[in-house]
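Structure file my_file-v8.txt; described as compact mmCIF, C-alpha atoms.
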```txt
# COMPACT_ATOMS: atom_id res chain seq x y z
CA THR A 1 -72.50 -44.89 18.27
CA TRP A 2 -71.52 -41.27 18.65
CA ASN A 3 -70.98 -38.46 16.18
CA LEU A 4 -68.89 -35.38 16.86
CA LEU A 5 -71.04 -32.29 16.49
CA PRO A 6 -69.69 -29.59 14.18
CA GLY A 7 -69.67 -25.92 15.02
CA THR A 8 -68.56 -23.89 18.03
CA PHE A 9 -67.19 -26.74 20.06
CA SER A 10 -65.10 -28.60 17.49
CA THR A 11 -62.76 -27.88 14.61
CA LEU A 12 -62.80 -31.39 13.11
CA ASP A 13 -59.04 -31.65 12.80
CA GLY A 14 -58.40 -35.26 13.64
CA SER A 15 -57.27 -36.60 16.99
CA SER A 16 -57.17 -33.16 18.61
CA GLN A 17 -60.84 -32.39 17.98
CA PHE A 18 -61.80 -31.87 21.63
CA TRP A 19 -58.84 -29.84 22.83
CA SER A 20 -58.52 -27.73 19.70
CA ALA A 21 -61.96 -26.28 20.39
CA GLY A 22 -60.66 -24.98 23.70
CA PHE A 23 -63.93 -25.48 25.58
CA ILE A 24 -64.40 -27.69 28.65
CA PHE A 25 -67.98 -28.75 29.38
CA PHE A 26 -69.18 -28.60 32.98
CA ALA A 27 -72.94 -28.90 32.39
CA LEU A 28 -75.28 -30.06 29.63
CA ALA A 29 -79.09 -30.08 29.73
CA VAL A 30 -81.81 -30.90 27.19
CA SER A 31 -85.25 -29.29 27.06
CA PRO A 32 -87.88 -31.62 28.57
CA THR A 33 -90.20 -31.06 25.59
CA ASP A 34 -87.88 -30.43 22.62
CA PRO A 35 -84.77 -32.61 22.23
CA SER A 36 -83.28 -30.20 19.71
CA VAL A 37 -82.95 -27.47 22.36
CA LEU A 38 -79.84 -27.78 24.55
CA LEU A 39 -77.98 -25.64 27.05
CA ALA A 40 -74.28 -26.06 27.80
CA GLY A 41 -72.19 -24.64 30.61
CA VAL A 42 -68.59 -24.25 29.48
CA TRP A 43 -65.20 -22.88 30.45
CA TYR A 44 -62.91 -21.57 27.74
CA GLY A 45 -60.08 -19.65 29.38
CA GLN A 46 -61.30 -16.21 28.34
CA GLN A 47 -63.91 -14.36 30.36
CA ASN A 48 -66.02 -13.17 27.43
CA THR A 49 -66.42 -16.65 25.91
CA THR A 50 -66.88 -18.60 29.16
CA GLY A 51 -70.51 -19.09 30.19
CA LEU A 52 -73.75 -20.59 28.90
CA TYR A 53 -74.47 -21.58 25.30
CA ARG A 54 -77.80 -22.56 23.72
CA SER A 55 -78.58 -24.67 20.66
CA SER A 56 -81.97 -24.99 18.99
CA ASP A 57 -80.90 -27.47 16.31
CA GLY A 58 -79.62 -30.42 18.30
CA GLY A 59 -76.13 -29.04 18.85
CA ILE A 60 -75.25 -28.18 15.26
CA THR A 61 -75.02 -24.45 15.99
CA TRP A 62 -74.74 -22.58 19.30
CA GLN A 63 -75.53 -19.10 20.61
CA GLN A 64 -73.84 -17.69 23.70
CA VAL A 65 -76.57 -16.56 26.12
CA PHE A 66 -74.48 -15.75 29.22
CA SER A 67 -70.84 -14.68 29.52
CA GLY A 68 -68.39 -13.93 32.29
CA GLY A 69 -68.47 -17.12 34.33
CA ARG A 70 -68.36 -20.88 33.99
CA GLY A 71 -71.71 -22.64 33.81
CA SER A 72 -71.35 -25.31 36.49
CA SER A 73 -74.91 -26.68 36.68
CA ILE A 74 -78.11 -26.42 34.61
CA VAL A 75 -81.57 -27.80 35.47
CA TRP A 76 -84.78 -27.46 33.46
CA ASN A 77 -88.24 -27.22 34.97
CA PRO A 78 -89.78 -30.44 33.60
CA ALA A 79 -93.29 -28.97 33.79
CA ASN A 80 -92.44 -25.72 32.02
CA PRO A 81 -89.76 -25.74 29.29
CA GLN A 82 -89.51 -21.95 29.46
CA THR A 83 -88.09 -22.09 33.00
CA VAL A 84 -84.43 -23.02 33.44
CA TYR A 85 -81.98 -22.55 36.29
CA ALA A 86 -78.21 -22.31 35.99
CA ALA A 87 -75.37 -21.92 38.45
CA ILE A 88 -72.31 -19.90 37.55
CA GLY A 89 -69.23 -21.00 39.46
CA GLU A 90 -65.88 -19.57 38.41
CA ASN A 91 -62.61 -19.39 40.33
CA TYR A 92 -60.92 -16.99 37.91
CA TRP A 93 -63.70 -14.43 37.36
CA PRO A 94 -66.02 -14.74 40.36
CA ALA A 95 -67.90 -11.45 39.84
CA ASN A 96 -70.84 -13.20 38.13
CA ASN A 97 -70.90 -16.27 40.37
CA GLY A 98 -74.37 -17.18 41.60
CA ILE A 99 -77.65 -18.79 40.61
CA TYR A 100 -79.61 -17.52 37.61
CA LYS A 101 -83.09 -18.18 36.22
CA SER A 102 -84.46 -17.95 32.70
CA ASN A 103 -88.16 -17.60 31.87
CA ASP A 104 -87.73 -17.83 28.09
CA GLY A 105 -86.09 -21.21 27.61
CA GLY A 106 -82.54 -20.05 28.29
CA LEU A 107 -82.36 -17.03 26.00
CA THR A 108 -82.06 -14.44 28.77
CA TRP A 109 -81.09 -14.76 32.45
CA GLN A 110 -81.79 -12.97 35.72
CA SER A 111 -80.11 -13.36 39.11
CA SER A 112 -81.94 -15.79 41.41
CA SER A 113 -79.66 -16.00 44.46
CA ASN A 114 -81.70 -14.07 47.03
CA GLY A 115 -81.02 -15.45 50.51
CA ILE A 116 -77.55 -16.79 49.73
CA ASP A 117 -74.63 -14.74 51.04
CA PRO A 118 -72.90 -13.51 47.83
CA SER A 119 -69.49 -13.76 49.52
CA LEU A 120 -69.83 -17.56 49.48
CA PHE A 121 -69.86 -17.96 45.70
CA PRO A 122 -66.25 -16.86 44.99
CA ASN A 123 -65.05 -19.44 47.53
CA SER A 124 -67.14 -22.26 46.09
CA GLU A 125 -65.56 -24.66 43.64
CA SER A 126 -68.74 -25.36 41.71
CA THR A 127 -72.35 -24.66 42.71
CA VAL A 128 -74.57 -27.70 42.03
CA LEU A 129 -78.35 -27.56 41.47
CA THR A 130 -81.12 -30.15 41.56
CA ILE A 131 -84.88 -29.76 40.96
CA CYS A 132 -87.82 -31.92 42.04
CA ALA A 133 -89.82 -33.00 38.98
CA ALA A 134 -93.10 -33.45 40.89
CA SER A 135 -92.69 -30.13 42.75
CA PRO A 136 -90.60 -28.01 40.38
CA THR A 137 -90.64 -24.94 42.62
CA VAL A 138 -88.44 -26.93 45.03
CA LEU A 139 -84.72 -26.87 44.28
CA TYR A 140 -81.58 -27.54 46.29
CA ALA A 141 -78.15 -25.97 45.78
CA SER A 142 -74.87 -27.11 47.28
CA LEU A 143 -71.74 -24.97 47.48
CA PRO A 144 -68.63 -27.12 48.03
CA GLY A 145 -65.67 -25.06 49.16
CA ILE A 146 -62.56 -24.66 47.03
CA SER A 147 -60.39 -25.67 49.99
CA GLY A 148 -62.73 -28.42 51.18
CA GLY A 149 -65.80 -28.59 53.35
CA THR A 150 -69.26 -27.31 52.50
CA LEU A 151 -69.95 -23.58 52.41
CA GLY A 152 -73.66 -24.28 52.52
CA VAL A 153 -76.60 -26.32 51.30
CA PHE A 154 -79.61 -24.20 50.33
CA LYS A 155 -83.24 -24.87 49.47
CA THR A 156 -85.94 -22.89 47.70
CA VAL A 157 -89.65 -23.73 47.70
CA ASN A 158 -90.73 -20.84 45.47
CA GLY A 159 -88.76 -21.38 42.28
CA GLY A 160 -85.65 -19.48 43.29
CA ALA A 161 -87.32 -16.30 44.55
CA ASN A 162 -85.78 -16.97 47.97
CA TRP A 163 -83.25 -19.50 49.26
CA THR A 164 -82.91 -20.78 52.82
CA LYS A 165 -79.78 -22.35 54.25
CA ILE A 166 -80.43 -25.81 55.65
CA PRO A 167 -78.20 -27.86 57.97
CA ALA A 168 -75.31 -29.34 56.00
CA PRO A 169 -74.66 -33.06 56.41
CA PRO A 170 -71.79 -33.84 58.78
CA ALA A 171 -68.32 -34.68 57.45
CA SER A 172 -69.30 -34.27 53.82
CA ARG A 173 -68.33 -31.77 51.17
CA ALA A 174 -71.73 -32.00 49.44
CA TYR A 175 -70.03 -32.04 46.06
CA GLU A 176 -73.00 -33.75 44.39
CA VAL A 177 -76.68 -33.37 45.21
CA VAL A 178 -79.90 -34.88 43.85
CA VAL A 179 -83.52 -34.63 45.00
CA HIS A 180 -86.05 -37.44 44.60
CA PRO A 181 -88.22 -36.71 41.52
CA GLN A 182 -91.46 -37.51 43.36
CA ASP A 183 -90.59 -36.51 46.92
CA PRO A 184 -89.17 -33.00 47.44
CA ASN A 185 -88.11 -33.86 51.00
CA THR A 186 -85.80 -36.74 50.04
CA VAL A 187 -82.39 -35.47 48.97
CA ILE A 188 -79.00 -37.16 48.58
CA VAL A 189 -75.64 -35.42 48.92
CA GLY A 190 -72.12 -36.78 48.83
CA ASP A 191 -68.43 -36.44 48.21
CA VAL A 192 -66.35 -38.95 50.18
CA THR A 193 -69.41 -39.93 52.22
CA LEU A 194 -73.02 -40.41 51.11
CA TYR A 195 -75.81 -38.81 53.12
CA ARG A 196 -79.59 -38.80 52.79
CA SER A 197 -82.29 -36.57 54.24
CA ARG A 198 -85.97 -37.45 54.28
CA ASP A 199 -87.16 -34.25 55.93
CA GLY A 200 -86.08 -31.60 53.46
CA GLY A 201 -82.51 -31.34 54.72
CA GLN A 202 -83.17 -30.86 58.42
CA THR A 203 -81.52 -34.15 59.44
CA TRP A 204 -79.17 -36.54 57.62
CA ASN A 205 -78.12 -40.18 57.87
CA ASN A 206 -75.09 -41.90 56.40
CA ILE A 207 -76.01 -44.41 53.65
CA THR A 208 -72.52 -45.05 52.28
CA ALA A 209 -72.81 -48.72 53.25
CA GLY A 210 -75.97 -50.74 52.72
CA ILE A 211 -77.57 -52.97 55.32
CA ASN A 212 -76.76 -55.85 52.96
CA GLY A 213 -73.03 -55.20 53.46
CA THR A 214 -72.35 -53.53 50.10
CA TRP A 215 -70.16 -50.45 50.45
CA THR A 216 -70.37 -47.83 47.71
CA PHE A 217 -66.71 -46.84 48.11
CA GLY A 218 -66.92 -43.03 48.32
CA ASP A 219 -65.75 -40.10 46.20
CA TYR A 220 -69.15 -39.70 44.54
CA ARG A 221 -69.23 -38.15 41.07
CA ALA A 222 -72.76 -38.64 39.71
CA PHE A 223 -76.30 -39.26 40.97
CA SER A 224 -79.45 -40.00 38.97
CA PHE A 225 -82.98 -41.15 39.81
CA SER A 226 -85.28 -43.03 37.47
CA SER A 227 -88.20 -40.79 36.50
CA ASP A 228 -90.59 -42.50 38.94
CA GLY A 229 -88.02 -42.37 41.75
CA SER A 230 -88.03 -46.13 42.25
CA THR A 231 -84.31 -46.48 41.53
CA LEU A 232 -81.34 -44.35 42.50
CA TYR A 233 -78.08 -44.76 40.57
CA ILE A 234 -74.77 -43.44 41.82
CA GLY A 235 -71.36 -43.26 40.18
CA SER A 236 -68.24 -43.15 42.33
CA ASP A 237 -64.54 -43.90 42.23
CA GLY A 238 -65.56 -47.46 43.09
CA GLY A 239 -67.91 -47.87 40.13
CA ASP A 240 -71.68 -47.79 39.65
CA PHE A 241 -74.35 -48.81 42.18
CA LYS A 242 -78.12 -48.75 42.50
CA THR A 243 -80.77 -48.99 45.19
CA HIS A 244 -84.54 -49.31 45.27
CA ASP A 245 -84.60 -48.07 48.86
CA ALA A 246 -84.00 -44.33 48.51
CA THR A 247 -87.03 -43.49 50.67
CA ALA A 248 -86.99 -46.60 52.90
CA ASP A 249 -85.83 -46.72 56.50
CA SER A 250 -82.87 -48.91 55.51
CA VAL A 251 -80.92 -48.88 52.25
CA SER A 252 -79.41 -51.84 50.36
CA TRP A 253 -77.00 -51.33 47.47
CA ALA A 254 -76.39 -53.47 44.38
CA PRO A 255 -73.10 -53.10 42.44
CA LEU A 256 -73.37 -52.74 38.66
CA ASN A 257 -69.72 -53.25 37.80
CA ASP A 258 -69.44 -56.85 36.62
CA THR A 259 -69.34 -55.99 32.92
CA LEU A 260 -67.56 -52.64 33.20
CA ASP A 261 -63.96 -52.17 32.11
CA THR A 262 -63.56 -49.14 34.32
CA VAL A 263 -63.91 -48.52 38.03
CA LEU A 264 -63.71 -44.71 37.98
CA PHE A 265 -66.50 -42.26 37.07
CA TYR A 266 -64.75 -38.87 36.98
CA PRO A 267 -64.91 -35.89 36.84
CA ARG A 268 -68.59 -35.01 37.43
CA SER A 269 -69.66 -37.28 34.62
CA PRO A 270 -73.46 -37.19 34.54
CA ILE A 271 -75.63 -40.29 34.72
CA SER A 272 -78.93 -39.67 32.99
CA MET A 273 -82.19 -41.59 32.64
CA HIS A 274 -84.61 -41.29 29.73
CA PRO A 275 -87.62 -39.33 31.10
```

This structure in C-alpha cells:
Amino acid sequence: TWNLLPGTFSTLDGSSQFWSAGFIFFALAVSPTDPSVLLAGVWYGQQNTTGLYRSSDGGITWQQVFSGGRGSSIVWNPANPQTVYAAIGENYWPANNGIYKSNDGGLTWQSSSNGIDPSLFPNSESTVLTICAASPTVLYASLPGISGGTLGVFKTVNGGANWTKIPAPPASRAYEVVVHPQDPNTVIVGDVTLYRSRDGGQTWNNITAGINGTWTFGDYRAFSFSSDGSTLYIGSDGGDFKTHDATADSVSWAPLNDTLDTVLFYPRSPISMHP
C-alpha cells in the first residue's frame, strides 16, 4: 500500500493531488545508511523553485538545496552517505546545467563537471548518472541529445574530479545507463537498442536480443542490478526482462511479463532493488 506524503509536493485536495502540487519528479534517491534522508530532483515551471530538494524525515517535510535547474539524476555513494552526485538538466534554464557533487549529504553542492564541454549540457535532454557500488569513485554519465543521438558518454575514476569522454555505443541514444555494482568496467546503455561494454566503455556489443531468442523490444526506460550484480533487470516499452549473464560472453533474457497488466514502463520510471 502507498500513502501520499504531505508537505511541499502535495496539497491533499482529492483527485488532483499530484498536479495541484505543480512539481514533476525526475529523480529520487534514498541515503544508503538512513532511510529517512531523501533527495528529489524536480521541475516546477519556475526557475527559483526547480531543482533539488532534501528531506530528513522520510518525505514529510522538504528543504530546497539547489535551485535554477531540473534535477535529472541523483546517485549516492553507497560507501559514504555524505557524498552525493546530481545532474542538472534543464531545457528552459540551461545556465546551471551540469554535474554537481555534495560532501555533506546533499545540503550544499559544488560543480563537478571538469572535462565535459559545458556547451553540451544545454543541448542534452537529461544527463543520466550511475555509480559503481564496489568502486564508488567510478561513475558514468550519458548526455542524450534533445534532437536525438548521443552528445557523449563520460567516465570518471576519481569521484568526479575529472571526466573523460569514452566512445559512445553505435546507433544508440544512450538515454539510460547503469554500471555493474561489482565490476566498474561493465556498463549498460540503451534507448532503442541495448548495448554493453565490458572494458570500461572502450568497445560495445549489442545485447538487445538474447542468444536464447528472447528479444527485449527496445525503447529502454529503466535499468537496475541486484546488489551482488548477479541479476540485471530492464524495463522497456515491451515490458520487464532479466538476465543472469550481464558479464558473460553471451546473454540470455527471460521475460517477466506473464502476470503484468501493462506492457509499457514510461517515462524513466526507476526499477530499484533493496540493497

Counting only C-alpha atoms, which residues have an atom no more than 10 Å from (-73.5, -31.7, 50.9) in the file's coordinates? Please list them as a compact mmCIF listing (two decimals) with C-alpha atoms, in the frame of the given file.
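Saved as part19.txt:
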```txt
# COMPACT_ATOMS: atom_id res chain seq x y z
CA VAL A 128 -74.57 -27.70 42.03
CA ALA A 141 -78.15 -25.97 45.78
CA SER A 142 -74.87 -27.11 47.28
CA LEU A 143 -71.74 -24.97 47.48
CA PRO A 144 -68.63 -27.12 48.03
CA GLY A 149 -65.80 -28.59 53.35
CA THR A 150 -69.26 -27.31 52.50
CA LEU A 151 -69.95 -23.58 52.41
CA GLY A 152 -73.66 -24.28 52.52
CA VAL A 153 -76.60 -26.32 51.30
CA PHE A 154 -79.61 -24.20 50.33
CA PRO A 167 -78.20 -27.86 57.97
CA ALA A 168 -75.31 -29.34 56.00
CA PRO A 169 -74.66 -33.06 56.41
CA PRO A 170 -71.79 -33.84 58.78
CA ALA A 171 -68.32 -34.68 57.45
CA SER A 172 -69.30 -34.27 53.82
CA ARG A 173 -68.33 -31.77 51.17
CA ALA A 174 -71.73 -32.00 49.44
CA TYR A 175 -70.03 -32.04 46.06
CA GLU A 176 -73.00 -33.75 44.39
CA VAL A 177 -76.68 -33.37 45.21
CA VAL A 187 -82.39 -35.47 48.97
CA ILE A 188 -79.00 -37.16 48.58
CA VAL A 189 -75.64 -35.42 48.92
CA GLY A 190 -72.12 -36.78 48.83
CA ASP A 191 -68.43 -36.44 48.21
CA THR A 193 -69.41 -39.93 52.22
CA LEU A 194 -73.02 -40.41 51.11
CA TYR A 195 -75.81 -38.81 53.12
CA ARG A 196 -79.59 -38.80 52.79
CA GLY A 201 -82.51 -31.34 54.72
```

Show me, as an mmCIF file with C-alpha atoms, in the frame of the given file, the residues that have an atom within 9 Å of A:Gln182 when counting only C-alpha atoms, minus same-chain residues fewer than 4 positions from it.
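And here's result_6.cif as it stands now:
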```
data_model
loop_
_atom_site.group_PDB
_atom_site.id
_atom_site.type_symbol
_atom_site.label_atom_id
_atom_site.label_comp_id
_atom_site.auth_asym_id
_atom_site.auth_seq_id
_atom_site.Cartn_x
_atom_site.Cartn_y
_atom_site.Cartn_z
ATOM 1 C CA CYS A 132 -87.820 -31.920 42.040
ATOM 2 C CA ALA A 133 -89.820 -33.000 38.980
ATOM 3 C CA ALA A 134 -93.100 -33.450 40.890
ATOM 4 C CA SER A 135 -92.690 -30.130 42.750
ATOM 5 C CA THR A 186 -85.800 -36.740 50.040
ATOM 6 C CA SER A 227 -88.200 -40.790 36.500
ATOM 7 C CA ASP A 228 -90.590 -42.500 38.940
ATOM 8 C CA GLY A 229 -88.020 -42.370 41.750
#
```

- [ ] List the residues sitting within 7 Å of (-71.4, -23.6, 36.4) in the file's frame, using all atoms listed in the file, as a list in words.
- [x]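 Here the neighbourhood of the point contains Phe26, Ala27, Gly41, Arg70, Gly71, Ser72, Ser73, Ala86, Ala87, Ile88, Gly89, Ser126 and Thr127 of chain A.
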
Go ahead and dump the residues you just picked, C-alpha atoms, as a JSON list (two decimals), in the coordinates of the input.
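Written output follows (selection03.json):
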```json
[["chain", "number", "residue", "atom", "x", "y", "z"],
["A", 26, "PHE", "CA", -69.18, -28.60, 32.98],
["A", 27, "ALA", "CA", -72.94, -28.90, 32.39],
["A", 41, "GLY", "CA", -72.19, -24.64, 30.61],
["A", 70, "ARG", "CA", -68.36, -20.88, 33.99],
["A", 71, "GLY", "CA", -71.71, -22.64, 33.81],
["A", 72, "SER", "CA", -71.35, -25.31, 36.49],
["A", 73, "SER", "CA", -74.91, -26.68, 36.68],
["A", 86, "ALA", "CA", -78.21, -22.31, 35.99],
["A", 87, "ALA", "CA", -75.37, -21.92, 38.45],
["A", 88, "ILE", "CA", -72.31, -19.90, 37.55],
["A", 89, "GLY", "CA", -69.23, -21.00, 39.46],
["A", 126, "SER", "CA", -68.74, -25.36, 41.71],
["A", 127, "THR", "CA", -72.35, -24.66, 42.71]]
```

Open item on the list: Please report the interatomic distance between atom CA of A:Phe241 and atom CA of A:Ile131 in Å with one decimal.
Closed with: 21.8 Å

Open item on the list: as a list in words, please: the residues near A:Leu39 (cut-off 8 Å, all atoms listed in the file, same-chain neighbours under 3 positions excluded).
Closed with: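 Near A:Leu39, the qualifying residues are Leu28, Ala29, Val30, Leu52, Tyr53, Arg54, Ser55, Ile74 and Gly106 of chain A.
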
Only C-alpha atoms, please: the residues just picked out, written as an mmCIF file, in the frame of the given file.
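File produced: again_39.cif:
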```cif
data_model
loop_
_atom_site.group_PDB
_atom_site.id
_atom_site.type_symbol
_atom_site.label_atom_id
_atom_site.label_comp_id
_atom_site.auth_asym_id
_atom_site.auth_seq_id
_atom_site.Cartn_x
_atom_site.Cartn_y
_atom_site.Cartn_z
ATOM 1 C CA LEU A 28 -75.280 -30.060 29.630
ATOM 2 C CA ALA A 29 -79.090 -30.080 29.730
ATOM 3 C CA VAL A 30 -81.810 -30.900 27.190
ATOM 4 C CA LEU A 52 -73.750 -20.590 28.900
ATOM 5 C CA TYR A 53 -74.470 -21.580 25.300
ATOM 6 C CA ARG A 54 -77.800 -22.560 23.720
ATOM 7 C CA SER A 55 -78.580 -24.670 20.660
ATOM 8 C CA ILE A 74 -78.110 -26.420 34.610
ATOM 9 C CA GLY A 106 -82.540 -20.050 28.290
#
```

Padded axis-aligned box of stretch 235-241 of chain A (5 Å per side), centre and edge lengths, Å, one decimal, as lines of an AutoDock Vina configuration file:
```
center_x = -69.4
center_y = -46.0
center_z = 41.4
size_x = 19.8
size_y = 15.7
size_z = 13.4
```

TODO: Would you work out the distance separating atom CA of A:Pro81 from atom CA of A:Val37, expressed in Å to one decimal?
DONE: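 So the answer is 9.9 Å.
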
Open item on the list: Applying 10 Å and all atoms listed in the file, which residues near A:Leu260 remain after dropping the ones on its own chain fewer than 3 positions away? List them as a list in words.
Closed with: Gly239, Asp240, Leu256, Asn257 and Val263 of chain A

Task: For A:Asn212, the nearest of the candidates A:Trp163, A:Trp253, A:Tyr100, A:Tyr140, counting all atoms listed in the file - done: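 Between A:Trp163, A:Trp253, A:Tyr100, A:Tyr140, the residue approaching A:Asn212 most closely is A:Trp253.
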
- [ ] For atom CA of A:Gly58 and atom CA of A:Asp104, determine how far apart the two atoms are, in Å to one decimal place.
- [x]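 These two atoms are separated by 17.9 Å.
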